[in-house]
>>> print(open('coords.txt').read())   # compact mmCIF, C-alpha atoms
# COMPACT_ATOMS: atom_id res chain seq x y z
CA MET A 1 116.79 139.83 119.91
CA LYS A 2 114.73 142.17 122.12
CA LEU A 3 112.12 142.54 119.38
CA LYS A 4 111.79 138.77 119.08
CA VAL A 5 111.32 138.38 122.84
CA HIS A 6 108.76 141.20 122.85
CA ASN A 7 106.74 139.55 120.08
CA THR A 8 106.85 136.24 121.92
CA HIS A 9 105.43 137.90 125.05
CA LEU A 10 102.60 139.49 123.06
CA SER A 11 101.69 136.15 121.50
CA THR A 12 101.64 134.52 124.95
CA HIS A 13 99.45 137.31 126.38
CA ARG A 14 96.94 136.90 123.59
CA SER A 15 96.74 133.15 124.14
CA VAL A 16 96.23 133.56 127.90
CA ILE A 17 93.50 136.16 127.43
CA LEU A 18 91.68 133.93 124.93
CA HIS A 19 91.91 131.03 127.39
CA TYR A 20 90.26 133.06 130.14
CA TYR A 21 87.62 134.31 127.70
CA ASN A 22 86.75 130.73 126.74
CA LEU A 23 86.37 129.91 130.43
CA GLY A 24 83.66 132.57 130.68
CA HIS A 25 85.63 135.50 132.06
CA ARG A 26 84.54 138.85 130.61
CA CYS A 27 85.92 141.39 133.12
CA ALA A 28 89.17 142.92 131.93
CA ALA A 29 90.20 144.01 135.45
CA GLU A 30 89.67 140.52 136.86
CA ILE A 31 91.68 138.83 134.06
CA ALA A 32 94.45 141.41 134.48
CA ARG A 33 94.57 140.79 138.23
CA GLN A 34 94.89 137.02 137.82
CA THR A 35 97.35 137.04 134.92
CA LYS A 36 99.44 140.17 135.69
CA ILE A 37 98.82 141.27 132.10
CA PRO A 38 98.27 145.06 131.71
CA VAL A 39 94.56 145.82 131.85
CA LEU A 40 94.70 147.89 128.63
CA THR A 41 96.12 144.88 126.80
CA VAL A 42 93.34 142.69 128.18
CA ARG A 43 90.64 145.20 127.17
CA TYR A 44 92.04 145.54 123.67
CA ASN A 45 92.07 141.78 123.13
CA LEU A 46 88.58 141.26 124.61
CA VAL A 47 87.20 143.75 122.11
CA LYS A 48 89.14 142.01 119.34
CA ILE A 49 87.69 138.62 120.32
CA LYS A 50 84.14 139.99 120.21
CA LYS A 51 84.65 141.64 116.82
CA GLU A 52 86.85 139.07 115.04
CA GLY A 53 86.30 135.90 117.03
CA GLY A 54 90.00 135.53 117.93
CA VAL A 55 93.19 137.24 118.99
CA GLU A 56 95.45 136.35 116.05
CA HIS A 57 97.64 139.20 114.87
CA ARG A 58 96.30 140.64 111.63
CA ARG A 59 99.10 140.74 109.07
CA GLY A 60 99.71 143.62 106.75
CA ASN A 61 98.60 146.43 109.05
CA GLY A 62 101.98 148.14 109.01
CA ARG A 63 103.33 150.71 106.58
CA PRO A 64 103.04 149.39 102.98
CA ARG A 65 106.29 148.31 101.39
CA LYS A 66 107.74 150.85 99.04
CA ILE A 67 109.44 148.25 96.86
CA THR A 68 107.14 146.21 94.61
CA LEU A 69 107.67 142.72 93.21
CA GLU A 70 108.77 144.28 89.96
CA ASP A 71 111.31 146.39 91.80
CA ASN A 72 112.73 143.23 93.41
CA ARG A 73 113.96 142.04 90.04
CA ALA A 74 116.10 145.13 89.44
CA ILE A 75 116.52 146.76 92.81
CA ALA A 76 119.90 148.19 91.86
CA ASN A 77 118.65 149.74 88.63
CA ARG A 78 115.45 151.47 89.76
CA ASN A 79 115.40 155.19 90.37
CA LEU A 80 113.63 154.86 93.73
CA THR A 81 114.04 157.09 96.75
CA VAL A 82 114.40 154.52 99.49
CA SER A 83 116.57 154.27 102.57
CA ARG A 84 119.49 151.87 102.78
CA TRP A 85 117.59 150.03 105.53
CA THR A 86 114.78 149.33 103.06
CA VAL A 87 117.28 147.98 100.57
CA GLN A 88 118.94 145.82 103.24
CA ARG A 89 115.61 144.34 104.36
CA GLN A 90 114.59 143.63 100.78
CA LEU A 91 117.91 141.98 99.95
CA HIS A 92 117.52 139.83 103.06
CA ARG A 93 114.04 138.76 101.95
CA LEU A 94 115.47 137.79 98.58
CA GLY A 95 118.00 135.48 100.24
CA TYR A 96 121.10 137.68 100.11
CA GLU A 97 123.61 137.80 102.98
CA ASN A 98 125.97 140.59 103.91
CA VAL A 99 129.36 138.88 103.75
CA LEU A 100 133.01 139.84 103.55
CA PRO A 101 134.55 138.02 100.56
CA ARG A 102 137.41 135.69 101.43
CA GLY A 103 140.68 137.04 100.11
CA THR A 104 142.31 134.90 97.46
CA PRO A 105 145.04 135.52 94.86
CA MET A 106 143.74 136.65 91.49
CA LEU A 107 143.97 134.26 88.58
CA THR A 108 144.27 135.52 85.04
CA ASN A 109 142.47 133.73 82.21
CA GLU A 110 145.82 132.45 81.01
CA GLN A 111 146.63 131.04 84.44
CA LYS A 112 143.23 129.34 84.64
CA GLU A 113 143.79 127.70 81.29
CA ARG A 114 147.25 126.52 82.31
CA ARG A 115 145.82 125.10 85.54
CA VAL A 116 143.27 123.10 83.56
CA GLN A 117 145.92 121.81 81.14
CA TRP A 118 148.15 120.88 84.07
CA ALA A 119 145.31 119.03 85.81
CA LEU A 120 144.47 117.12 82.63
CA ALA A 121 148.09 116.07 82.25
CA HIS A 122 148.54 114.96 85.89
CA LYS A 123 145.12 113.68 87.05
CA ASP A 124 146.24 110.06 86.62
CA ASP A 125 149.73 110.47 88.10
CA ASP A 126 151.11 108.17 90.77
CA TRP A 127 151.43 110.71 93.57
CA ASN A 128 152.79 108.17 96.05
CA ARG A 129 156.38 108.90 95.00
CA THR A 130 156.06 112.70 95.06
CA VAL A 131 157.74 114.85 97.70
CA PHE A 132 155.45 117.84 98.42
CA SER A 133 157.14 120.94 99.81
CA ASP A 134 156.40 124.53 100.74
CA GLU A 135 157.33 127.39 103.03
CA THR A 136 155.09 129.30 105.40
CA SER A 137 155.31 131.62 108.40
CA TYR A 138 154.16 130.93 111.96
CA GLN A 139 153.16 133.95 113.98
CA LEU A 140 153.28 134.26 117.73
CA PHE A 141 150.00 135.10 119.51
CA ARG A 142 147.67 134.04 116.72
CA ASN A 143 143.99 134.49 117.50
CA THR A 144 141.97 132.18 115.24
CA ILE A 145 140.47 129.57 117.60
CA HIS A 146 136.82 130.01 118.57
CA ARG A 147 135.58 129.15 122.04
CA TRP A 148 132.18 128.76 123.73
CA SER A 149 131.33 131.44 126.25
CA LYS A 150 128.29 132.78 128.10
CA HIS A 151 129.92 136.20 128.07
CA ALA A 152 131.14 136.51 124.49
CA GLN A 153 131.72 140.27 124.65
CA GLU A 154 134.07 139.83 127.60
CA GLU A 155 136.30 137.24 125.90
CA LYS A 156 139.67 138.82 125.20
CA LYS A 157 143.17 137.71 124.25
CA ARG A 158 146.02 140.11 124.79
CA ILE A 159 148.03 140.49 121.60
CA PRO A 160 151.16 142.66 121.28
CA LYS A 161 151.30 145.23 118.52
CA ASN A 162 154.38 143.75 116.87
CA ARG A 163 154.11 139.97 116.77
CA GLN A 164 157.20 137.84 116.12
CA LYS A 165 157.16 135.06 113.57
CA ILE A 166 159.33 132.26 112.26
CA MET A 167 159.63 130.94 108.72
CA VAL A 168 159.32 127.23 108.04
CA TRP A 169 160.17 124.91 105.16
CA GLY A 170 158.61 121.46 105.21
CA ALA A 171 158.21 118.40 103.01
CA PHE A 172 156.25 115.16 103.21
CA THR A 173 155.27 112.17 101.09
CA ASN A 174 152.71 109.41 101.23
CA LYS A 175 155.14 107.56 103.50
CA GLY A 176 155.30 110.35 106.07
CA GLN A 177 157.20 113.49 107.01
CA ILE A 178 160.53 114.20 105.33
CA SER A 179 161.65 117.18 107.40
CA CYS A 180 160.61 120.48 108.92
CA TYR A 181 163.16 123.29 109.14
CA SER A 182 162.55 126.67 110.77
CA PHE A 183 164.53 129.87 110.33
CA ARG A 184 164.22 133.54 111.23
CA THR A 185 165.86 135.19 108.26
CA THR A 186 164.69 136.01 104.76
CA MET A 187 165.02 133.04 102.43
CA ASP A 188 166.99 133.49 99.21
CA GLY A 189 168.37 131.09 96.62
CA PRO A 190 171.51 130.04 98.56
CA LEU A 191 169.57 129.43 101.79
CA TYR A 192 166.99 127.41 99.89
CA VAL A 193 169.70 125.19 98.41
CA GLU A 194 171.27 124.74 101.83
CA ILE A 195 167.90 123.62 103.26
CA LEU A 196 167.37 121.13 100.45
CA ARG A 197 170.87 119.74 100.83
CA LYS A 198 170.54 119.23 104.59
CA HIS A 199 166.86 118.45 105.03
CA LEU A 200 165.49 117.00 101.77
CA LEU A 201 167.96 114.69 100.09
CA ASN A 202 168.63 112.16 102.85
CA GLY A 203 164.98 111.79 103.80
CA ALA A 204 163.75 111.43 100.23
CA ARG A 205 166.49 108.90 99.36
CA LYS A 206 165.74 106.92 102.51
CA GLN A 207 162.08 106.61 101.52
CA PHE A 208 162.42 106.07 97.77
CA GLY A 209 166.03 105.52 96.81
CA SER A 210 166.37 107.23 93.43
CA ARG A 211 162.72 106.85 92.36
CA TRP A 212 161.12 110.06 93.59
CA ARG A 213 160.13 113.44 92.24
CA TYR A 214 160.11 116.82 93.89
CA GLN A 215 157.31 119.37 93.94
CA GLN A 216 157.82 123.09 94.53
CA ASP A 217 156.00 126.22 93.46
CA ASN A 218 157.37 128.92 91.16
CA ASP A 219 158.69 131.26 93.82
CA PRO A 220 161.74 133.23 92.54
CA LYS A 221 164.08 131.61 95.05
CA HIS A 222 162.99 128.18 93.79
CA THR A 223 163.70 129.14 90.19
CA SER A 224 166.93 131.02 90.87
CA LYS A 225 170.04 129.96 88.96
CA ILE A 226 171.70 128.38 91.98
CA ALA A 227 168.55 126.43 92.85
CA LYS A 228 168.07 125.17 89.29
CA GLN A 229 171.66 123.94 89.14
CA PHE A 230 171.31 122.10 92.44
CA LEU A 231 167.97 120.50 91.52
CA GLU A 232 169.22 119.35 88.11
CA LYS A 233 172.19 117.67 89.75
CA GLU A 234 170.66 116.16 92.91
CA VAL A 235 166.95 115.52 92.32
CA PRO A 236 165.93 112.55 90.11
CA GLU A 237 162.79 114.21 88.75
CA MET A 238 160.95 117.53 89.05
CA ILE A 239 157.22 117.96 88.55
CA ASP A 240 156.06 121.10 86.83
CA TRP A 241 153.65 123.24 88.87
CA PRO A 242 151.11 125.84 87.71
CA SER A 243 151.66 129.44 88.81
CA ASN A 244 149.61 130.97 91.60
CA SER A 245 148.22 127.61 92.71
CA PRO A 246 148.70 126.98 96.44
CA ASP A 247 145.21 125.45 96.56
CA ILE A 248 146.47 122.40 94.67
CA ASN A 249 149.33 121.67 97.08
CA PRO A 250 148.21 119.37 99.93
CA ILE A 251 150.94 120.67 102.22
CA GLU A 252 148.90 123.87 102.56
CA ASN A 253 146.34 121.80 104.46
CA MET A 254 149.15 120.41 106.58
CA TRP A 255 150.19 123.95 107.52
CA SER A 256 146.63 124.81 108.56
CA ILE A 257 146.44 121.75 110.81
CA LEU A 258 149.79 122.55 112.40
CA LYS A 259 149.00 126.21 112.98
CA ARG A 260 145.82 125.36 114.87
CA ARG A 261 147.56 122.73 116.96
CA VAL A 262 150.47 125.04 117.79
CA GLU A 263 148.09 127.87 118.69
CA LYS A 264 146.28 125.57 121.14
CA GLN A 265 149.62 125.05 122.89
CA ASN A 266 149.56 128.79 123.62
CA PRO A 267 153.28 129.56 123.15
CA SER A 268 154.38 132.60 125.11
CA ASN A 269 157.60 133.39 123.24
CA ILE A 270 159.30 132.74 119.91
CA ASP A 271 161.37 129.82 121.25
CA GLU A 272 158.26 128.01 122.50
CA LEU A 273 156.61 128.65 119.15
CA ASP A 274 159.56 127.01 117.41
CA GLN A 275 159.58 124.09 119.86
CA PHE A 276 155.83 123.41 119.64
CA LEU A 277 155.96 123.61 115.85
CA HIS A 278 158.52 120.82 115.55
CA GLU A 279 156.74 118.72 118.17
CA GLU A 280 153.40 118.99 116.39
CA TRP A 281 155.00 118.31 113.00
CA GLN A 282 156.22 114.95 114.27
CA LYS A 283 152.79 114.13 115.77
CA VAL A 284 150.75 114.53 112.58
CA GLU A 285 148.99 111.21 112.02
CA THR A 286 149.97 109.04 109.05
CA ASN A 287 146.35 108.70 107.92
CA ILE A 288 146.08 112.50 107.63
CA ILE A 289 149.15 112.64 105.41
CA ASN A 290 147.89 109.72 103.32
CA ASN A 291 144.53 111.38 102.84
CA LEU A 292 146.19 114.62 101.75
CA VAL A 293 148.35 112.87 99.17
CA ASN A 294 145.46 110.73 97.97
CA SER A 295 143.38 113.88 97.43
CA MET A 296 145.53 114.93 94.45
CA LYS A 297 143.38 113.18 91.85
CA SER A 298 140.20 114.82 93.15
CA ARG A 299 141.99 118.18 93.27
CA CYS A 300 142.91 117.80 89.61
CA LEU A 301 139.34 116.88 88.71
CA ALA A 302 138.03 119.86 90.69
CA ILE A 303 140.35 122.18 88.77
CA ILE A 304 139.05 120.76 85.50
CA ASP A 305 135.39 121.02 86.57
CA SER A 306 135.83 124.62 87.76
CA LYS A 307 137.63 125.58 84.52
CA GLY A 308 140.72 126.60 86.43
CA GLU A 309 139.06 128.58 89.22
CA ARG A 310 140.33 128.44 92.79
CA ILE A 311 139.23 125.32 94.71
CA ASN A 312 138.64 124.75 98.42
CA TYR A 313 140.27 121.77 100.12
>>> encode(input="coords.txt", output="structure tokens")
Amino acid sequence: MKLKVHNTHLSTHRSVILHYYNLGHRCAAEIARQTKIPVLTVRYNLVKIKKEGGVEHRRGNGRPRKITLEDNRAIANRNLTVSRWTVQRQLHRLGYENVLPRGTPMLTNEQKERRVQWALAHKDDDWNRTVFSDETSYQLFRNTIHRWSKHAQEEKKRIPKNRQKIMVWGAFTNKGQISCYSFRTTMDGPLYVEILRKHLLNGARKQFGSRWRYQQDNDPKHTSKIAKQFLEKEVPEMIDWPSNSPDINPIENMWSILKRRVEKQNPSNIDELDQFLHEEWQKVETNIINNLVNSMKSRCLAIIDSKGERINY
């Protein structure tokens, strides 16, 4: 930033000196006195005007680049003795950016193929009778919301070393929220069945009667023996789900919305976190839920187009 400001000042000085020269001024000391520009700078530019007819900066008078156009094409494979700064500048000129890759679960070729086959089989489904579900964790003292500040380096948020969190199970459909249940223990098969019995069945039956299907991922607690027995007995229909595919589930977007809204409430303890979570769950607008459910066809098409790669929604 300092270099950019410095260059701007030099350009302005040159323009001012040329202006005075065109007005007939030839004395460097006089121009310096009136403009507050250093007299040596004025003298240098007056000489330049007389020799070259202008004050424009002559390009290419720095140290020659060590990397040639040919080297650009294979910068990583050339046996050149160059500094890392030279490499960084050259990569920047070629349009590269220094980025930290976003972490995402790895997909095997087999999983990608299964995702494509799943998307082909379900792209024309009627998703309006599907109950989408998932679990996630909500952490106290999250720090993910950006803010505008004139003193960015001074912006701080005190965060304890060991942050508490709560676990949450939730489900929704095109008709709205089914339920949101929070707990502070590790979920296993029996707890999962208890949650479904108390927080899924009544809501799903109220919305659809017996014409609904349930979506869940392939987490071990979901596929445990006790869970399978319960689902076979109580749920009218199950939809198969590809492994390692949270990006397809629209409830993941719901969690992101809720986490931001809860963080803005600035809970100060675990009980407030729990309270704000349930309040914000109930406030999620119907049009948001509808849009998430209606995005399933485009998600399937995106999976097909990307040949099973991870998608961003």
>>> atom_distance(input="coords.txt", atom1="CA of Lys221 in chain A", atom2="CA of Phe183 in chain A")
15.4 Å
>>> residues_around(input="coords.txt", residues="Ile304 in chain A", least_positions_apart="2", cutoff="9 Å", atoms="all atoms listed in the file", output="list in words")
Arg115, Val116, Gln117, Ala119, Leu120, Arg299, Cys300, Leu301, Ala302, Ser306, Lys307, Gly308 and Glu309 of chain A
>>> closest_residue(input="coords.txt", among="A:Met187, A:Met296, A:Ala32, A:Val235", to="Arg205 in chain A", atoms="only C-alpha atoms")
A:Val235
>>> atom_distance(input="coords.txt", atom1="CA of Tyr181 in chain A", atom2="CA of Met167 in chain A")
8.4 Å
>>> atom_distance(input="coords.txt", atom1="CA of Ser179 in chain A", atom2="CA of Leu200 in chain A")
6.8 Å
>>> closest_residue(input="coords.txt", among="A:Arg129, A:Lys225, A:Lys206, A:Arg93", to="Asp188 in chain A", atoms="all atoms listed in the file")
A:Lys225
>>> residues_around(input="coords.txt", residues="Asp219 in chain A", least_positions_apart="2", cutoff="10 Å", atoms="all atoms listed in the file", output="number ranges by chain")
A: 134, 216-217, 221-224, 243-244
>>> closest_residue(input="coords.txt", among="A:Ile311, A:Val47, A:Met254, A:Ile17", to="Thr286 in chain A", atoms="all atoms listed in the file")
A:Met254
>>> closest_residue(input="coords.txt", among="A:Cys180, A:Ala227, A:Leu23, A:Ile303", to="His278 in chain A", atoms="only C-alpha atoms")
A:Cys180
>>> closest_residue(input="coords.txt", among="A:Ser133, A:Gln177, A:Gln139, A:Asn291", to="Ile239 in chain A", atoms="only C-alpha atoms")
A:Ser133
>>> residues_near_point(input="coords.txt", point="(164.5, 111.6, 86.5)", cutoff="12 Å", atoms="all atoms listed in the file", output="list in words")
Ser210, Arg211, Trp212, Arg213, Tyr214, Leu231, Glu232, Lys233, Glu234, Val235, Pro236, Glu237, Met238 and Ile239 of chain A
>>> write_last_selection(input="coords.txt", atoms="C-alpha atoms", output="PDB file, keeping the file's coordinate frame")
ATOM      1  CA  SER A 210     166.370 107.230  93.430  1.00  0.00           C
ATOM      2  CA  ARG A 211     162.720 106.850  92.360  1.00  0.00           C
ATOM      3  CA  TRP A 212     161.120 110.060  93.590  1.00  0.00           C
ATOM      4  CA  ARG A 213     160.130 113.440  92.240  1.00  0.00           C
ATOM      5  CA  TYR A 214     160.110 116.820  93.890  1.00  0.00           C
ATOM      6  CA  LEU A 231     167.970 120.500  91.520  1.00  0.00           C
ATOM      7  CA  GLU A 232     169.220 119.350  88.110  1.00  0.00           C
ATOM      8  CA  LYS A 233     172.190 117.670  89.750  1.00  0.00           C
ATOM      9  CA  GLU A 234     170.660 116.160  92.910  1.00  0.00           C
ATOM     10  CA  VAL A 235     166.950 115.520  92.320  1.00  0.00           C
ATOM     11  CA  PRO A 236     165.930 112.550  90.110  1.00  0.00           C
ATOM     12  CA  GLU A 237     162.790 114.210  88.750  1.00  0.00           C
ATOM     13  CA  MET A 238     160.950 117.530  89.050  1.00  0.00           C
ATOM     14  CA  ILE A 239     157.220 117.960  88.550  1.00  0.00           C
TER      15      ILE A 239
END
>>> residues_around(input="coords.txt", residues="range 36-42 of chain A", least_positions_apart="2", cutoff="12 Å", atoms="all atoms listed in the file", output="JSON, numbers by chain")
{"A": [9, 10, 11, 12, 13, 14, 15, 16, 17, 18, 19, 20, 21, 25, 26, 27, 28, 29, 30, 31, 32, 33, 34, 44, 45, 46, 47, 48, 49, 55]}
>>> write_last_selection(input="coords.txt", atoms="C-alpha atoms", output="JSON list (two decimals), keeping the file's coordinate frame")
[["chain", "number", "residue", "atom", "x", "y", "z"],
["A", 9, "HIS", "CA", 105.43, 137.90, 125.05],
["A", 10, "LEU", "CA", 102.60, 139.49, 123.06],
["A", 11, "SER", "CA", 101.69, 136.15, 121.50],
["A", 12, "THR", "CA", 101.64, 134.52, 124.95],
["A", 13, "HIS", "CA", 99.45, 137.31, 126.38],
["A", 14, "ARG", "CA", 96.94, 136.90, 123.59],
["A", 15, "SER", "CA", 96.74, 133.15, 124.14],
["A", 16, "VAL", "CA", 96.23, 133.56, 127.90],
["A", 17, "ILE", "CA", 93.50, 136.16, 127.43],
["A", 18, "LEU", "CA", 91.68, 133.93, 124.93],
["A", 19, "HIS", "CA", 91.91, 131.03, 127.39],
["A", 20, "TYR", "CA", 90.26, 133.06, 130.14],
["A", 21, "TYR", "CA", 87.62, 134.31, 127.70],
["A", 25, "HIS", "CA", 85.63, 135.50, 132.06],
["A", 26, "ARG", "CA", 84.54, 138.85, 130.61],
["A", 27, "CYS", "CA", 85.92, 141.39, 133.12],
["A", 28, "ALA", "CA", 89.17, 142.92, 131.93],
["A", 29, "ALA", "CA", 90.20, 144.01, 135.45],
["A", 30, "GLU", "CA", 89.67, 140.52, 136.86],
["A", 31, "ILE", "CA", 91.68, 138.83, 134.06],
["A", 32, "ALA", "CA", 94.45, 141.41, 134.48],
["A", 33, "ARG", "CA", 94.57, 140.79, 138.23],
["A", 34, "GLN", "CA", 94.89, 137.02, 137.82],
["A", 44, "TYR", "CA", 92.04, 145.54, 123.67],
["A", 45, "ASN", "CA", 92.07, 141.78, 123.13],
["A", 46, "LEU", "CA", 88.58, 141.26, 124.61],
["A", 47, "VAL", "CA", 87.20, 143.75, 122.11],
["A", 48, "LYS", "CA", 89.14, 142.01, 119.34],
["A", 49, "ILE", "CA", 87.69, 138.62, 120.32],
["A", 55, "VAL", "CA", 93.19, 137.24, 118.99]]
